[in-house]
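Q: Pasting start13.cif below, which is mmCIF, C-alpha atoms and all ligand atoms.
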data_structure
#
loop_
_atom_site.label_atom_id
_atom_site.label_comp_id
_atom_site.auth_asym_id
_atom_site.auth_seq_id
_atom_site.Cartn_x
_atom_site.Cartn_y
_atom_site.Cartn_z
CA MET A 120 -2.26 16.02 -9.48
CA ALA A 121 1.24 15.17 -10.63
CA ASP A 122 1.84 12.43 -8.05
CA SER A 123 -1.04 10.20 -9.05
CA LEU A 124 -0.21 10.53 -12.74
CA GLN A 125 3.46 9.86 -12.11
CA ASP A 126 2.67 6.74 -10.04
CA PHE A 127 0.41 5.55 -12.81
CA VAL A 128 3.07 5.89 -15.52
CA LEU A 129 5.76 4.30 -13.33
CA ALA A 130 3.42 1.38 -12.56
CA TYR A 131 2.95 0.88 -16.29
CA CYS A 132 6.69 0.98 -16.88
CA GLU A 133 7.26 -1.63 -14.16
CA GLU A 134 4.58 -3.87 -15.65
CA VAL A 135 6.06 -3.83 -19.16
CA GLY A 136 9.58 -4.45 -17.85
CA GLY A 137 11.03 -0.99 -18.47
CA LEU A 138 13.72 0.73 -16.43
CA ILE A 139 13.11 3.87 -14.41
CA GLU A 140 15.42 6.58 -13.21
CA ARG A 141 14.60 9.83 -11.46
CA PRO A 142 17.30 12.39 -12.14
CA ALA A 143 15.36 15.19 -10.41
CA TYR A 144 12.10 15.89 -8.60
CA GLY A 145 9.19 15.53 -11.02
CA LEU A 146 11.55 14.30 -13.74
CA VAL A 147 11.61 10.65 -14.83
CA ASP A 148 13.70 8.80 -17.41
CA LEU A 149 12.09 5.67 -18.81
CA LEU A 150 13.89 3.04 -20.82
CA LEU A 151 11.12 1.09 -22.51
CA PRO A 152 11.50 -2.30 -24.19
CA ASP A 153 11.80 -1.73 -27.99
CA GLU A 154 8.53 -3.44 -28.76
CA ILE A 155 6.64 -1.24 -26.26
CA ALA A 156 8.32 1.94 -27.53
CA ARG A 157 7.28 1.05 -31.09
CA ARG A 158 3.72 0.46 -29.97
CA LEU A 159 3.61 3.84 -28.22
CA GLY A 160 5.29 5.56 -31.17
CA THR A 161 8.20 6.87 -29.13
CA GLU A 162 11.94 6.39 -28.71
CA PRO A 163 12.83 3.71 -26.13
CA LEU A 164 14.45 6.34 -23.92
CA VAL A 165 11.99 9.04 -22.86
CA ARG A 166 12.44 11.82 -20.37
CA LEU A 167 9.18 12.91 -18.78
CA ALA A 168 8.37 15.99 -16.73
CA PHE A 169 5.32 15.80 -14.47
CA THR A 170 5.10 19.37 -13.21
CA GLU A 171 5.08 22.68 -14.99
CA GLU A 172 8.17 23.88 -13.13
CA THR A 173 10.12 20.75 -14.07
CA ALA A 174 9.02 21.07 -17.68
CA ALA A 175 10.19 24.70 -17.75
CA ALA A 176 13.57 23.79 -16.23
CA HIS A 177 14.04 20.84 -18.60
CA PRO A 178 12.87 21.82 -22.07
CA GLU A 179 14.26 18.53 -23.46
CA ALA A 180 11.66 16.59 -21.43
CA THR A 181 8.15 15.73 -22.57
CA HIS A 182 5.66 17.45 -20.30
CA LEU A 183 3.19 14.65 -19.63
CA THR A 184 -0.31 15.90 -18.84
CA TYR A 185 -3.79 14.51 -19.26
CA GLY A 186 -4.71 14.29 -22.91
CA HIS A 187 -1.10 13.83 -24.08
CA PRO A 188 -0.99 11.25 -26.93
CA LEU A 189 1.74 9.27 -25.16
CA LEU A 190 -0.48 8.88 -22.10
CA GLU A 191 -3.42 7.86 -24.24
CA GLY A 192 -1.15 5.27 -25.86
CA VAL A 193 -0.24 3.92 -22.40
CA VAL A 194 -3.90 3.57 -21.38
CA GLU A 195 -4.74 1.90 -24.68
CA ASP A 196 -1.85 -0.53 -24.33
CA MET A 197 -2.95 -1.42 -20.77
CA GLN A 198 -6.48 -2.09 -21.96
CA GLY A 199 -5.11 -4.22 -24.79
CA ARG A 200 -3.32 -6.47 -22.31
CA GLY A 201 -6.58 -7.74 -20.89
CA LEU A 202 -7.73 -7.55 -17.34
CA ALA A 203 -5.43 -9.91 -15.54
CA LEU A 204 -1.71 -9.60 -16.04
CA ARG A 205 0.67 -11.79 -13.96
CA ARG A 206 3.94 -10.48 -12.59
CA TYR A 207 6.49 -11.92 -10.15
CA VAL A 208 8.92 -10.55 -7.63
CA ASN A 209 11.85 -13.02 -7.61
CA GLN A 210 14.72 -10.91 -6.38
CA VAL A 211 14.38 -11.31 -2.64
CA ARG A 212 16.27 -13.29 -0.03
CA LEU A 213 14.33 -16.28 1.19
CA GLU A 214 16.13 -16.63 4.52
CA ARG A 215 15.80 -14.43 7.50
CA SER A 216 17.54 -15.81 10.52
CA GLY A 217 16.78 -14.36 13.91
CA LEU A 218 13.26 -13.47 12.81
CA PHE A 219 11.82 -14.05 16.26
CA ARG A 220 14.08 -11.33 17.69
CA LEU A 221 13.10 -8.95 14.90
CA ILE A 222 9.39 -9.50 15.54
CA LYS A 223 9.96 -8.84 19.21
CA GLY A 224 11.85 -5.66 18.38
CA GLU A 225 9.45 -4.23 15.79
CA LEU A 226 6.07 -4.99 17.34
CA ALA A 227 4.78 -3.89 20.71
CA PHE A 228 2.49 -5.93 22.99
CA PRO A 229 1.61 -3.61 25.90
CA ASN A 230 -0.20 -6.29 27.91
CA ALA A 231 1.50 -9.49 26.75
CA TRP A 232 4.80 -10.97 25.68
CA LEU A 233 6.02 -12.99 22.75
CA GLN A 234 7.19 -16.57 23.19
CA PRO A 235 8.97 -18.68 20.60
CA LEU A 236 7.26 -21.91 19.61
CA GLU A 237 9.21 -25.10 19.81
CA ASN A 238 9.76 -26.51 16.29
CA ALA A 239 8.61 -23.28 14.64
CA VAL A 240 10.61 -22.58 11.49
CA GLU A 241 10.96 -19.54 9.28
CA ALA A 242 9.09 -20.56 6.14
CA PRO A 243 8.86 -18.72 2.81
CA ARG A 244 5.28 -18.16 1.64
CA THR A 245 3.89 -16.77 -1.59
CA CYS A 246 1.99 -13.55 -1.00
CA TYR A 247 -0.05 -11.60 -3.52
CA TYR A 248 -0.73 -8.02 -4.42
CA VAL A 249 -3.22 -6.82 -6.98
CA ARG A 250 -2.54 -3.58 -8.79
CA PHE A 251 -5.69 -1.84 -9.98
CA ASN A 252 -5.27 0.74 -12.73
CA PHE A 253 -8.25 3.08 -12.92
CA LYS A 254 -9.56 5.89 -15.03
CA VAL A 255 -11.14 8.20 -12.49
CA ALA A 256 -13.81 10.79 -13.26
CA LEU A 257 -14.50 13.39 -10.59
CA ILE A 258 -17.89 14.84 -11.41
CA THR A 259 -19.59 17.91 -9.98
CA ASP A 260 -21.00 20.50 -12.37
CA GLU A 261 -17.66 19.99 -14.12
CA LYS A 262 -15.86 16.79 -14.94
CA GLN A 263 -12.21 16.17 -14.17
CA GLU A 264 -10.39 13.05 -15.31
CA GLU A 265 -7.48 11.41 -13.53
CA LEU A 266 -5.52 8.20 -13.77
CA ALA A 267 -4.76 6.28 -10.62
CA SER A 268 -2.85 3.13 -9.87
CA ILE A 269 -3.37 1.40 -6.53
CA LEU A 270 -1.49 -1.58 -5.15
CA MET A 271 -3.62 -3.73 -2.83
CA ASN A 272 -2.56 -6.60 -0.57
CA LEU A 273 -4.79 -9.56 -1.48
CA HIS A 274 -4.39 -11.16 1.96
CA THR A 275 -5.16 -8.13 4.12
CA GLY A 276 -7.26 -5.91 1.85
CA GLN A 277 -4.96 -3.00 2.70
CA PRO A 278 -3.41 -0.60 0.19
CA ALA A 279 0.36 -1.14 0.06
CA TRP A 280 1.36 2.52 0.41
CA GLU A 281 4.86 1.58 1.63
CA LEU A 282 5.58 -0.37 -1.54
CA GLU A 283 4.22 2.38 -3.77
CA HIS A 284 6.77 4.75 -2.38
CA GLN A 285 9.55 2.25 -3.03
CA GLU A 286 11.76 3.33 -5.94
CA ILE A 287 10.66 0.51 -8.20
CA LEU A 288 9.13 -2.95 -7.87
CA PRO A 289 11.40 -5.56 -9.47
CA LEU A 290 8.67 -7.19 -11.55
CA GLU A 291 9.37 -10.06 -13.90
CA SER A 292 7.10 -12.00 -16.22
CA GLU A 293 8.40 -15.45 -15.15
CA TYR A 294 8.41 -17.20 -11.80
CA ARG A 295 12.00 -18.18 -11.02
CA LEU A 296 11.87 -19.43 -7.44
CA ARG A 297 11.34 -22.87 -5.98
CA PRO A 298 7.70 -23.80 -5.34
CA MET A 299 6.32 -22.78 -1.95
CA HIS A 300 3.02 -22.66 -0.08
CA GLU A 301 0.75 -19.66 -0.29
CA ALA A 302 0.22 -17.44 2.73
CA PRO A 303 -3.36 -17.71 4.03
CA VAL A 304 -5.84 -14.82 3.96
CA ALA A 305 -5.44 -12.47 6.91
CA TRP A 306 -8.80 -10.71 6.75
CA ARG A 307 -12.31 -11.68 5.52
CA PRO A 308 -11.61 -15.44 5.66
CA GLU A 309 -15.03 -16.18 4.14
CA LEU A 310 -13.66 -14.90 0.81
CA PRO A 311 -11.16 -17.51 -0.49
CA LEU A 312 -7.76 -16.18 -1.63
CA HIS A 313 -8.24 -16.68 -5.36
CA SER A 314 -12.02 -16.29 -5.57
CA PRO A 315 -13.81 -13.72 -7.76
CA GLU A 316 -15.69 -12.58 -4.62
CA ARG A 317 -12.42 -11.61 -2.98
CA LEU A 318 -11.39 -9.61 -6.05
CA VAL A 319 -14.71 -7.78 -6.07
CA TRP A 320 -14.23 -6.86 -2.41
CA LEU A 321 -10.61 -5.84 -3.02
CA GLN A 322 -11.65 -3.63 -5.92
CA GLU A 323 -14.10 -1.81 -3.63
CA GLU A 324 -11.31 -1.29 -1.10
CA ALA A 325 -9.08 -0.07 -3.93
CA GLY A 326 -11.77 2.46 -4.84
CA ARG A 327 -11.66 3.83 -1.30
CA ALA A 328 -7.87 4.01 -1.51
CA VAL A 329 -8.16 5.98 -4.78
CA ALA A 330 -10.28 8.56 -2.99
CA ARG A 331 -7.56 8.84 -0.33
CA LYS A 332 -4.81 9.10 -2.90
CA LEU A 333 -6.66 11.82 -4.81
CA ALA A 334 -7.72 13.65 -1.63
CA PRO A 335 -5.80 16.90 -2.43
CA THR A 336 -7.29 17.01 -5.95
CA ILE A 337 -10.76 16.26 -4.62
CA GLU A 338 -10.43 18.92 -1.93
CA ALA A 339 -9.39 21.58 -4.45
CA LEU A 340 -12.28 20.62 -6.70
CA GLN A 341 -14.74 20.78 -3.81
CA GLN A 342 -13.50 24.22 -2.81
CA ARG A 343 -14.08 25.57 -6.32
CA THR A 344 -17.46 23.84 -6.40
CA ALA A 345 -18.52 25.20 -3.01
CA ARG A 346 -17.85 28.75 -4.23
CA ARG A 347 -20.06 28.30 -7.31
CA LEU A 348 -22.74 26.55 -5.27
CA GLU A 349 -22.86 29.52 -2.88
CA LEU A 350 -23.26 31.97 -5.77
CA ASP A 351 -26.01 29.90 -7.36
CA GLN A 352 -27.81 29.53 -4.05
CA ALA A 353 -27.58 33.25 -3.35
CA ARG A 354 -28.99 34.02 -6.80
CA LEU A 355 -31.89 31.60 -6.34
CA GLU A 356 -32.66 32.82 -2.84
CA ALA A 357 -32.65 36.47 -3.95
CA PHE A 358 -34.98 35.71 -6.85
CA TYR A 359 -37.52 33.72 -4.83
CA ASP A 360 -37.35 36.06 -1.84
CA ASP A 361 -38.10 39.05 -4.10
CA THR A 362 -40.98 37.22 -5.74
CA ALA A 363 -42.40 36.19 -2.35
CA ALA A 364 -42.02 39.73 -0.95
CA ASP A 365 -43.88 41.12 -3.95
CA LEU A 366 -46.73 38.63 -3.49
CA GLU A 367 -46.93 39.45 0.21
CA ARG A 368 -47.18 43.18 -0.53
CA ARG A 369 -50.03 42.54 -2.94
CA LEU A 370 -51.69 40.27 -0.39
CA ALA A 371 -51.56 43.02 2.26
CA ARG A 372 -53.09 45.56 -0.11
CA THR A 373 -56.08 43.59 -1.36
CA GLY A 374 -59.36 43.17 0.51
CA ASP A 375 -60.88 40.81 -2.05
CA GLU A 376 -61.17 37.26 -0.65
CA ALA A 377 -60.92 35.36 -3.92
CA ARG A 378 -57.84 37.41 -4.84
CA GLN A 379 -56.33 36.74 -1.41
CA ALA A 380 -56.81 32.98 -1.85
CA SER A 381 -55.16 33.06 -5.26
CA LEU A 382 -52.21 35.10 -3.96
CA LYS A 383 -51.75 32.70 -1.00
CA GLU A 384 -51.70 29.77 -3.40
CA LYS A 385 -49.05 31.49 -5.52
CA LEU A 386 -47.01 32.23 -2.41
CA ALA A 387 -47.09 28.58 -1.33
CA PHE A 388 -46.00 27.59 -4.82
CA VAL A 389 -43.08 30.05 -4.73
CA HIS A 390 -41.92 28.64 -1.38
CA ALA A 391 -42.09 25.04 -2.64
CA GLU A 392 -40.35 25.99 -5.88
CA ARG A 393 -37.58 27.72 -3.92
CA GLU A 394 -36.88 24.56 -1.89
CA ARG A 395 -36.99 22.34 -4.97
CA LYS A 396 -34.55 24.53 -6.92
CA LEU A 397 -32.17 24.75 -3.98
CA ALA A 398 -32.18 20.95 -3.64
CA ASP A 399 -31.57 20.62 -7.41
CA VAL A 400 -28.63 22.93 -7.35
CA ALA A 401 -27.11 21.18 -4.31
CA ALA A 402 -27.44 17.84 -6.13
CA LYS A 403 -25.82 19.29 -9.26
CA TYR A 404 -22.70 20.24 -7.29
CA GLN A 405 -22.55 17.04 -5.23
CA LEU A 406 -19.26 15.24 -5.93
CA ARG A 407 -19.49 11.83 -7.58
CA ILE A 408 -16.47 9.63 -8.23
CA ASN A 409 -16.69 7.24 -11.18
CA LEU A 410 -14.06 4.55 -11.47
CA GLU A 411 -13.41 2.70 -14.67
CA LEU A 412 -11.06 -0.26 -14.34
CA ILE A 413 -8.38 -0.23 -17.06
CA ASN A 414 -6.67 -3.44 -16.01
CA THR A 415 -5.37 -5.39 -13.03
CA VAL A 416 -2.03 -7.04 -12.39
CA LEU A 417 -1.64 -9.98 -10.02
CA ILE A 418 1.79 -9.71 -8.43
CA SER A 419 3.31 -12.46 -6.31
CA GLN A 420 6.10 -11.91 -3.85
CA PRO A 421 7.57 -14.35 -1.34
CA LYS A 422 7.61 -13.33 2.31
CA ILE A 423 8.80 -15.22 5.35
CA ALA A 424 6.38 -16.46 7.96
CA LEU A 425 7.05 -17.51 11.54
CA GLN A 426 4.61 -18.74 14.15
CA ALA A 427 4.94 -17.53 17.70
CA ARG A 428 2.89 -17.40 20.86
CA VAL A 429 1.52 -14.23 22.42
CA GLU A 430 0.68 -14.68 26.08
CA ASN A 431 -0.06 -13.01 29.39
CA ARG A 432 -1.21 -14.33 32.77
CA TYR A 433 -4.80 -14.79 31.56
CA THR A 434 -4.45 -16.37 28.15
CA SER A 435 -2.17 -17.30 25.28
CA ALA A 436 -2.67 -17.70 21.55
CA GLN A 437 -0.64 -18.59 18.50
CA PHE A 438 -0.16 -16.20 15.57
CA THR A 439 1.75 -16.13 12.31
CA PHE A 440 4.06 -13.17 11.83
CA VAL A 441 5.43 -12.14 8.48
CA TRP A 442 8.75 -10.66 7.38
CA ASP A 443 8.70 -8.69 4.14
CA PRO A 444 12.12 -9.14 2.50
CA LEU A 445 11.48 -6.32 0.02
CA LEU A 446 10.64 -3.68 2.60
CA TYR A 447 12.93 -5.17 5.28
CA ARG A 448 10.29 -5.08 7.93
CA VAL A 449 7.96 -7.21 10.01
CA GLU A 450 4.41 -6.68 8.78
CA PRO A 451 2.22 -5.27 11.52
CA PRO A 452 -0.47 -7.80 12.46
CA LEU A 453 -4.10 -6.84 11.77
CA CYS A 454 -6.41 -5.81 14.57
CA GLN A 455 -8.91 -8.67 14.63
CA VAL A 456 -11.75 -6.23 15.23
CA CYS A 457 -11.27 -3.55 12.55
CA GLY A 458 -8.74 -5.21 10.25
CA GLN A 459 -6.29 -2.30 10.35
CA PRO A 460 -2.54 -2.95 10.64
CA ALA A 461 -1.41 -2.46 14.23
CA PRO A 462 2.29 -2.41 15.19
CA ARG A 463 1.10 -2.04 18.82
CA VAL A 464 -1.40 -4.72 19.75
CA TYR A 465 -3.16 -5.88 22.89
CA LEU A 466 -3.96 -9.48 23.68
CA CYS A 467 -7.68 -9.82 24.47
CA ALA A 468 -8.46 -12.10 27.43
CA ASN A 469 -10.15 -14.40 24.90
CA GLY A 470 -7.05 -14.65 22.72
CA HIS A 471 -7.69 -11.98 20.05
CA LEU A 472 -5.25 -9.29 18.97
CA ALA A 473 -6.66 -5.76 18.90
CA ASP A 474 -5.37 -2.21 18.56
CA GLU A 475 -5.79 0.63 21.04
CA GLY A 476 -9.07 1.83 19.50
CA CYS A 477 -10.76 -1.58 19.68
CA ILE A 478 -10.24 -2.65 23.31
CA LEU A 479 -12.01 -2.28 26.64
CA HIS A 480 -10.19 -2.31 29.97
CA CYS A 481 -11.81 -3.79 33.04
CA ALA A 482 -11.51 -1.15 35.74
CA PHE A 483 -10.93 -3.74 38.48
CA CYS A 484 -8.65 -6.44 37.15
CA LYS A 485 -5.90 -6.10 34.58
CA ARG A 486 -7.80 -7.89 31.83
CA VAL A 487 -8.27 -6.33 28.42
CA PHE A 488 -11.07 -7.34 26.07
CA CYS A 489 -11.43 -6.63 22.38
CA ALA A 490 -14.62 -5.19 20.95
CA LEU A 491 -15.61 -8.64 19.61
CA CYS A 492 -15.82 -9.74 23.25
CA LYS A 493 -17.68 -6.68 24.54
CA ASP A 494 -20.39 -8.94 25.99
CA ASP A 495 -17.82 -10.02 28.58
CA VAL A 496 -17.63 -6.48 29.93
CA GLY A 497 -20.50 -4.90 31.86
CA ALA A 498 -20.66 -2.01 34.30
CA CYS A 499 -21.04 -1.68 38.05
CA ALA A 500 -24.67 -0.72 38.84
CA VAL A 501 -23.42 1.84 41.38
CA CYS A 502 -20.25 3.52 40.04
CA GLY A 503 -20.78 2.65 36.34
CA LYS A 504 -17.14 1.61 35.81
CA PRO A 505 -16.49 -1.12 33.20
CA LEU A 506 -16.42 -4.49 34.87
CA CYS A 507 -15.48 -7.77 33.22
CA VAL A 508 -17.27 -11.07 33.87
CA HIS A 509 -14.41 -12.18 36.13
CA SER A 510 -14.77 -9.12 38.36
CA GLN A 511 -18.55 -8.85 38.49
CA ILE A 512 -20.39 -9.62 41.71
CA ARG A 513 -24.04 -10.47 41.21
CA CYS A 514 -26.31 -9.19 44.00
CA GLN A 515 -28.43 -11.88 45.71
CA VAL A 516 -31.17 -9.35 46.45
CA CYS A 517 -31.73 -7.36 43.22
CA GLY A 518 -29.76 -9.38 40.66
CA GLN A 519 -27.67 -6.45 39.41
CA VAL A 520 -23.88 -6.58 39.18
CA THR A 521 -21.51 -4.40 41.15
CA CYS A 522 -17.81 -4.09 41.77
CA GLN A 523 -16.17 -5.30 44.99
CA GLU A 524 -16.44 -1.85 46.56
CA HIS A 525 -20.17 -1.42 46.01
CA ILE A 526 -21.50 -4.81 47.15
CA GLY A 527 -25.02 -4.36 48.53
CA GLN A 528 -25.29 -0.71 47.52
CA CYS A 529 -27.06 -1.53 44.23
CA HIS A 530 -30.54 -1.79 45.84
CA ALA A 531 -29.96 0.75 48.63
ZN ZN B 1 -9.05 -2.16 15.65
ZN ZN B 2 -12.08 -7.74 35.45
ZN ZN B 3 -11.67 -10.67 22.06
ZN ZN B 4 -18.72 0.11 41.69
ZN ZN B 5 -28.64 -5.34 44.85
#
Represent the structure from my file as structure tokens, please.
A:
Amino acid sequence: MADSLQDFVLAYCEEVGGLIERPAYGLVDLLLPDEIARRLGTEPLVRLAFTEETAAAHPEATHLTYGHPLLEGVVEDMQGRGLALRRYVNQVRLERSGLFRLIKGELAFPNAWLQPLENAVEAPRTCYYVRFNFKVALITDEKQEELASILMNLHTGQPAWELEHQEILPLESEYRLRPMHEAPVAWRPELPLHSPERLVWLQEEAGRAVARKLAPTIEALQQRTARRLELDQARLEAFYDDTAADLERRLARTGDEARQASLKEKLAFVHAERERKLADVAAKYQLRINLELINTVLISQPKIALQARVENRYTSAQFTFVWDPLLYRVEPPLCQVCGQPAPRVYLCANGHLADEGCILHCAFCKRVFCALCKDDVGACAVCGKPLCVHSQIRCQVCGQVTCQEHIGQCHA
């Protein structure tokens, strides 16, 4: 797939401090630092075509495909840089006035409202991304190799798709800003921000993101595979069905008991063998994805944090919201149940934030509960509607709970 390969090469170019231009779709001009160009055995200015059509339209461009020596040079150079490269985003504005208004405008709280905190200030915080560069092998009965680069947010564990589609990340090899505090982790707080355990977890998440990124390639591979699997299965079934039919004919013809027993044994063997071979062939075509880590890059970027209060008539809680000065947007908070970014969030009656898919509504009051608090929501013994602890009426006779409407009907 051209996109994954192109992303991979652009990520490399960003990391080594090269310049990138895209004069046309599928066409990329790289200006590499002299030292890097020498190492790769190329001119500093290279024009690359990533699709066949582009290559045909631009014969002056190098058609970069898997197995091209330039690409192998890139992978080798990445490996030579060791696992953990450091890069910095310095070119961002560290002020964002009126952030409270922006948060209010960009996020939606269907059952609550946002309140400014007295003394809250807009504070720059260092945030981190980790870029994972992988060699990917897609294995069925054939093996297909891909390269994939995935940018992961170290605080949230989410792939930074929005940043990947940005023209280019302004990466530098020196930190040039004033010192500032780090932003805290936003998900999986038991894994400290700079711990090896967190990196292991993030790498697993990155692996899942690779599968998403390569989904079209994987789908095409699976379609080809499914076709061959069907043919193989049909061949096996025809062979064993013929053999079994033959044995059954002979069994019907013979009157000899010893011969009958021997034929029945053979028939059982043929049936077992048929199942075993079919399972084997299914396993052979089962897709496996092998990821080999080429290197990682730890990228820091300042963002601007502001604390604010989310409240409704039942509860209120304080949260930190983040402005991303590179993407010019307020980062959606994470649902505290599933950890997914949610630009539209509900305030749980116990003070959690949760997205639409992770909440329960009480059918009788206006309270909303998140799935972490599901023990606070029961059901009326008569009508079965969800009923929160504040709306439940416990029956003095049978001990069940009902809604207001069905008092006394639970034991009738
Ligand atoms: Zn959720
Ligand atoms: Zn209720
Ligand atoms: Zn909750
Ligand atoms: Zn009821
Ligand atoms: Zn009752």
Q: Of the candidates A:Ile269, A:Leu348, A:Arg378, A:Gln426, which shows the shortest atom-to-atom distance to Leu366 of chain A, using only C-alpha atoms?
A: A:Arg378
Q: So which residues are near ligand ZN 1 (chain B), meaning at most 6 Å away with all atoms listed in the file counted, given back as a PyMOL selection string?
A: chain A and resi 454+456-457+459+473-474+476-477
Q: Any idea what's packed within 9 Å of segment 479-483 of chain A, counting only C-alpha atoms, ignoring anything in its chain fewer than 3 positions away? Could you give it as a count of residues only?
A: 18
Q: Taking all atoms listed in the file into account, which of A:Ala203, A:Ala353, A:Ala345, A:Val501 comes nearest Ile413 of chain A?
A: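 Once distances to Ile413 of chain A are computed over all atoms listed in the file, the minimum belongs to A:Ala203.
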Q: Please provide the set of residues having any atom within 12 Å of Arg331 of chain A, restricted to all atoms listed in the file, with same-chain residues fewer than 2 positions apart removed, written as JSON, numbers by chain.
A: {"A": [123, 267, 269, 278, 280, 324, 325, 326, 327, 328, 329, 333, 334, 335, 336, 337, 338, 408]}
Q: Neighbouring residues of ligand ZN 5 (chain B) are defined here as those with any atom at most 8 Å from a ligand atom, counting all atoms listed in the file; list them as an mmCIF file with C-alpha atoms, keeping the file's coordinate frame.
A:
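The resulting file, out_23.cif, is reproduced below:
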data_model
loop_
_atom_site.group_PDB
_atom_site.id
_atom_site.type_symbol
_atom_site.label_atom_id
_atom_site.label_comp_id
_atom_site.auth_asym_id
_atom_site.auth_seq_id
_atom_site.Cartn_x
_atom_site.Cartn_y
_atom_site.Cartn_z
ATOM 1 C CA ARG A 513 -24.040 -10.470 41.210
ATOM 2 C CA CYS A 514 -26.310 -9.190 44.000
ATOM 3 C CA GLN A 515 -28.430 -11.880 45.710
ATOM 4 C CA VAL A 516 -31.170 -9.350 46.450
ATOM 5 C CA CYS A 517 -31.730 -7.360 43.220
ATOM 6 C CA GLY A 518 -29.760 -9.380 40.660
ATOM 7 C CA GLN A 519 -27.670 -6.450 39.410
ATOM 8 C CA VAL A 520 -23.880 -6.580 39.180
ATOM 9 C CA ILE A 526 -21.500 -4.810 47.150
ATOM 10 C CA GLY A 527 -25.020 -4.360 48.530
ATOM 11 C CA GLN A 528 -25.290 -0.710 47.520
ATOM 12 C CA CYS A 529 -27.060 -1.530 44.230
ATOM 13 C CA HIS A 530 -30.540 -1.790 45.840
ATOM 14 C CA ALA A 531 -29.960 0.750 48.630
#
Q: Using all atoms listed in the file for the distances, tell me which of A:Val416, A:Leu159, A:Leu340, A:Ala380 is nearest to Glu134 of chain A.
A: A:Val416
Q: Which residues form the shell of 6 Å around ligand ZN 4 (chain B) when you count all atoms listed in the file, given as a PyMOL selection string?
A: chain A and resi 499+501-502+521-522+524-525
Q: For Asn238 of chain A, which residue among A:Ala180, A:Ala436, A:Leu446, A:Leu425 is the nearest when counting all atoms listed in the file?
A: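 When distances to Asn238 of chain A are compared using all atoms listed in the file, the smallest one comes from A:Leu425.
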Q: Leaving out Val208 of chain A and any residue of its chain fewer than 5 positions from it, which residues lie within 7 Å of it when counting all atoms listed in the file, given as a list in words?
A: Pro289, Leu290, Glu291, Ser419 and Gln420 of chain A
Q: Would you work out the distance separating atom CA of Lys223 of chain A from atom CA of Cys246 of chain A, expressed in Å to one decimal?
A: 22.2 Å
